[in-house]
Amino acid sequence: MIGISKLYCGTVEASDPLRYGRASRQLPSHLLQFAQDKRPVVVWNTTSVCNLKCVHCYAATTPGQSELTTEQGKALIKDLADYGAPVILFSGGEPLLREDLPELIRTATASGLRAVISTNGTLITKGMAHILGDMGLSYVGVSLDGLSEVNDRFRGVDGAFEMALEGIKNAMDAGIKVGLRFTMNKRNVAEIPRIFDLMETQGIPRICFYHLVYTGRGSALKDEDLSHAQTRETLDLIMDRTRAMLDKGLNVEVLTVDNHADGPYVYLRMLKENNPRAADVLKLLTMNAGNSSGLGIGCVNWNGDVYPDQFWRDKTLGNVLNRPFSEIWENKDNEFLMRLKNKKAFVQGRCKTCRWLDVCAGNFRARAESVTGDIWGEDPACYLTDDEIKESAPER
């Protein structure tokens, strides 16, 4: 994650994470990306069932697949808590279709884990919102792809936008922090200004703009990814709108996700603007340390399979029904996993000689593999120019 509001707009300083020792379990949620120990945030795809048909779903869910039972899920949660994972993110499919979700959330929060959910928002009734709040849920991320017709076209169900908006209101009324999740592509990039407008009118305090990752159903959208020029224009728009909202006195958090080239891009823009905070931002980017697949982010599938992240579906590291997640994550006999934890030593092409390797870590390996066939090849979504990545470039 690249915190646009934190970095470009200065809502966080490099000294802030240092005050907590940069330990995952000690850092507040908004500073977690700067943790030094990189204990994994774990995404648990709790179910294969969903009530929508999103064209870019990374999970490409199939109904009827086996899922961890309540007791197996509780065992997973206990292991994650004992291991020191700071956050468990309940996802799917649609996690609210699991009847035991409130019980699982309560188990997580009672174990000291921060519990959050990723949902399409359509099933958050007033009653469900209050149940989730009572169980200690700290955050709800609701996925939107635009307003009204655009969103419903992506989601495959008429009325999905209005149902999601009602769910957002219900969650906020119940005192739960809500954020939006928006996956950027050519079909919906023009919706971004309207999404910012929605945040302002509805008082939504957080948004994550996701770069497209070519996995699951999203593989079919490979040609719909933004061009490098469009990506740069979009990042500029996001920075400008974030600054404008904060200048209005709105307390918002804006992040981009799944393309760590955004970090150097923000820094280089700040240098061009002679921003006195640029050096501080570079320190924060170095603390962030770039892509964290297999290190600071992990995924457990509905059947217990463990993946390096929630997008890389064909790289199974083990199964929690056979071995605890903590042991799978520390398995030194798994050469692929150990390389992921030190991916900077193995990336090739532009990534290998890029001066931003320490703040990017070679970007997204799953996206590189999907296009080049090489796990360690160049990430095709890196939009930095050759001049911007040269070791001898004078700006740094």
# chains A, B, ... in the order shown; residues from 1 in each chain; ligands from 1
$ select_by_dssp --residues "range 68-157 of chain A" --states "helix (DSSP H, G or I)" --output "PyMOL selection string"
chain A and resi 70-83+95-97+101-110+126-134+148-155
$ residues_around --residues "Asp386 in chain A" --least-positions-apart "3" --cutoff "9 Å" --atoms "only C-alpha atoms" --output "PyMOL selection string"
chain A and resi 350+354+389-390
$ closest_residue --among "A:Ile77, A:Ala14, A:Ile2, A:Leu268" --to "Asp387 in chain A" --atoms "only C-alpha atoms"
A:Leu268
$ residues_around --residues "Thr125 in chain A" --least-positions-apart "3" --cutoff "10 Å" --atoms "only C-alpha atoms" --output "PyMOL selection string"
chain A and resi 121-122+128-131+163-164+166-171
$ closest_residue --among "A:Leu357, A:Val157, A:Val213, A:Cys299" --to "Gly92 in chain A" --atoms "only C-alpha atoms"
A:Cys299
$ closest_residue --among "A:Ser370, A:Asn334, A:Ser326, A:Asn274" --to "Asp314 in chain A" --atoms "only C-alpha atoms"
A:Ser370
$ atom_distance --atom1 "CA of Asn120 in chain A" --atom2 "CA of Gly159 in chain A"
12.1 Å
$ atom_distance --atom1 "CA of Arg241 in chain A" --atom2 "CA of Arg194 in chain A"
10.9 Å
$ residues_around --residues "Glu149 in chain A" --least-positions-apart "5" --cutoff "10 Å" --atoms "only C-alpha atoms" --output "VMD selection string"
chain A and resid 154 to 155 157 to 161
$ write_last_selection --atoms "N, CA, C and O atoms" --output "CSV table (one decimal), in the first residue's frame"
chain,number,residue,atom,x,y,z
A,154,PHE,N,-20.1,-3.9,-13.7
A,154,PHE,CA,-18.9,-4.7,-13.2
A,154,PHE,C,-19.4,-5.8,-12.3
A,154,PHE,O,-18.8,-6.9,-12.3
A,155,ARG,N,-20.4,-5.5,-11.4
A,155,ARG,CA,-20.8,-6.5,-10.4
A,155,ARG,C,-21.8,-7.5,-10.9
A,155,ARG,O,-22.0,-8.5,-10.2
A,157,VAL,N,-25.0,-7.5,-11.3
A,157,VAL,CA,-26.3,-7.5,-10.7
A,157,VAL,C,-26.9,-6.1,-10.6
A,157,VAL,O,-26.2,-5.2,-10.1
A,158,ASP,N,-28.1,-5.9,-11.2
A,158,ASP,CA,-28.7,-4.6,-11.2
A,158,ASP,C,-29.1,-4.3,-9.7
A,158,ASP,O,-29.5,-5.1,-8.9
A,159,GLY,N,-28.8,-3.0,-9.4
A,159,GLY,CA,-29.1,-2.5,-8.0
A,159,GLY,C,-28.0,-2.7,-7.0
A,159,GLY,O,-28.2,-2.4,-5.8
A,160,ALA,N,-26.9,-3.3,-7.4
A,160,ALA,CA,-25.8,-3.6,-6.5
A,160,ALA,C,-25.3,-2.3,-5.9
A,160,ALA,O,-24.9,-2.3,-4.7
A,161,PHE,N,-25.2,-1.2,-6.7
A,161,PHE,CA,-24.7,0.0,-6.1
A,161,PHE,C,-25.5,0.6,-5.0
A,161,PHE,O,-25.0,0.9,-3.9
$ select_by_dssp --residues "range 132-322 of chain A" --states "strand (DSSP E or B)" --output "ChimeraX atom specification"
/A:139-143,177-184,206-211,253-257,293,297-300,305-307,318-319
$ decode --residues "range 319-331 of chain A" --atoms "all heavy atoms" --output "tab-separated table (two decimals), in the first residue's frame"
chain	number	residue	atom	x	y	z
A	319	ASN	N	-1.38	-26.37	3.58
A	319	ASN	CA	-2.78	-26.31	3.96
A	319	ASN	C	-2.88	-26.34	5.48
A	319	ASN	O	-2.22	-27.17	6.12
A	319	ASN	CB	-3.56	-27.48	3.35
A	319	ASN	CG	-5.06	-27.35	3.54
A	319	ASN	OD1	-5.57	-27.44	4.66
A	319	ASN	ND2	-5.78	-27.11	2.45
A	320	VAL	N	-3.68	-25.43	6.04
A	320	VAL	CA	-3.75	-25.30	7.50
A	320	VAL	C	-4.43	-26.49	8.15
A	320	VAL	O	-4.35	-26.64	9.38
A	320	VAL	CB	-4.48	-24.00	7.90
A	320	VAL	CG1	-3.72	-22.78	7.38
A	320	VAL	CG2	-5.93	-23.99	7.42
A	321	LEU	N	-5.08	-27.35	7.38
A	321	LEU	CA	-5.64	-28.57	7.95
A	321	LEU	C	-4.56	-29.62	8.20
A	321	LEU	O	-4.76	-30.56	8.98
A	321	LEU	CB	-6.71	-29.15	7.03
A	321	LEU	CG	-7.95	-28.27	6.80
A	321	LEU	CD1	-8.93	-28.97	5.86
A	321	LEU	CD2	-8.62	-27.94	8.12
A	322	ASN	N	-3.42	-29.45	7.55
A	322	ASN	CA	-2.30	-30.38	7.72
A	322	ASN	C	-1.18	-29.82	8.57
A	322	ASN	O	-0.43	-30.58	9.21
A	322	ASN	CB	-1.73	-30.76	6.34
A	322	ASN	CG	-2.77	-31.36	5.43
A	322	ASN	OD1	-3.63	-32.13	5.87
A	322	ASN	ND2	-2.72	-31.01	4.14
A	323	ARG	N	-1.08	-28.48	8.59
A	323	ARG	CA	0.04	-27.84	9.30
A	323	ARG	C	-0.37	-26.41	9.63
A	323	ARG	O	-0.97	-25.74	8.78
A	323	ARG	CB	1.27	-27.82	8.39
A	323	ARG	CG	2.58	-27.47	9.04
A	323	ARG	CD	3.72	-27.63	8.03
A	323	ARG	NE	5.02	-27.50	8.67
A	323	ARG	CZ	6.17	-27.57	8.03
A	323	ARG	NH1	6.18	-27.75	6.71
A	323	ARG	NH2	7.32	-27.45	8.69
A	324	PRO	N	-0.09	-25.91	10.83
A	324	PRO	CA	-0.51	-24.55	11.18
A	324	PRO	C	0.07	-23.51	10.22
A	324	PRO	O	1.18	-23.68	9.69
A	324	PRO	CB	0.04	-24.35	12.59
A	324	PRO	CG	0.22	-25.73	13.13
A	324	PRO	CD	0.59	-26.58	11.95
A	325	PHE	N	-0.69	-22.44	10.01
A	325	PHE	CA	-0.22	-21.36	9.14
A	325	PHE	C	1.16	-20.89	9.56
A	325	PHE	O	2.04	-20.64	8.72
A	325	PHE	CB	-1.21	-20.18	9.19
A	325	PHE	CG	-0.77	-18.99	8.39
A	325	PHE	CD1	-1.19	-18.83	7.08
A	325	PHE	CD2	0.08	-18.02	8.94
A	325	PHE	CE1	-0.78	-17.74	6.33
A	325	PHE	CE2	0.49	-16.93	8.19
A	325	PHE	CZ	0.07	-16.79	6.89
A	326	SER	N	1.38	-20.73	10.86
A	326	SER	CA	2.66	-20.21	11.35
A	326	SER	C	3.83	-21.07	10.91
A	326	SER	O	4.91	-20.55	10.57
A	326	SER	CB	2.63	-20.11	12.88
A	326	SER	OG	2.30	-21.36	13.46
A	327	GLU	N	3.64	-22.39	10.89
A	327	GLU	CA	4.72	-23.29	10.46
A	327	GLU	C	4.90	-23.22	8.95
A	327	GLU	O	6.03	-23.26	8.44
A	327	GLU	CB	4.42	-24.72	10.90
A	327	GLU	CG	4.48	-24.93	12.41
A	327	GLU	CD	4.28	-26.38	12.80
A	327	GLU	OE1	4.35	-27.26	11.90
A	327	GLU	OE2	4.06	-26.64	13.99
A	328	ILE	N	3.79	-23.15	8.23
A	328	ILE	CA	3.87	-23.03	6.76
A	328	ILE	C	4.63	-21.76	6.38
A	328	ILE	O	5.49	-21.77	5.49
A	328	ILE	CB	2.45	-23.02	6.15
A	328	ILE	CG1	1.76	-24.36	6.36
A	328	ILE	CG2	2.50	-22.65	4.67
A	328	ILE	CD1	0.29	-24.37	5.98
A	329	TRP	N	4.33	-20.65	7.08
A	329	TRP	CA	4.91	-19.35	6.75
A	329	TRP	C	6.39	-19.28	7.07
A	329	TRP	O	7.12	-18.46	6.50
A	329	TRP	CB	4.15	-18.25	7.49
A	329	TRP	CG	4.14	-16.93	6.79
A	329	TRP	CD1	4.73	-15.77	7.21
A	329	TRP	CD2	3.49	-16.60	5.56
A	329	TRP	NE1	4.50	-14.76	6.32
A	329	TRP	CE2	3.73	-15.24	5.29
A	329	TRP	CE3	2.73	-17.35	4.66
A	329	TRP	CZ2	3.24	-14.61	4.16
A	329	TRP	CZ3	2.24	-16.72	3.53
A	329	TRP	CH2	2.50	-15.36	3.30
A	330	GLU	N	6.87	-20.14	7.97
A	330	GLU	CA	8.28	-20.13	8.37
A	330	GLU	C	9.04	-21.33	7.82
A	330	GLU	O	10.17	-21.58	8.24
A	330	GLU	CB	8.37	-20.12	9.90
A	330	GLU	CG	7.80	-18.89	10.57
A	330	GLU	CD	8.62	-17.63	10.31
A	330	GLU	OE1	9.80	-17.76	9.93
A	330	GLU	OE2	8.08	-16.52	10.49
A	331	ASN	N	8.45	-22.05	6.89
A	331	ASN	CA	9.04	-23.29	6.39
A	331	ASN	C	10.26	-23.01	5.52
A	331	ASN	O	10.14	-22.66	4.34
A	331	ASN	CB	8.00	-24.08	5.59
A	331	ASN	CG	8.54	-25.39	5.06
A	331	ASN	OD1	9.62	-25.85	5.47
A	331	ASN	ND2	7.81	-26.00	4.14
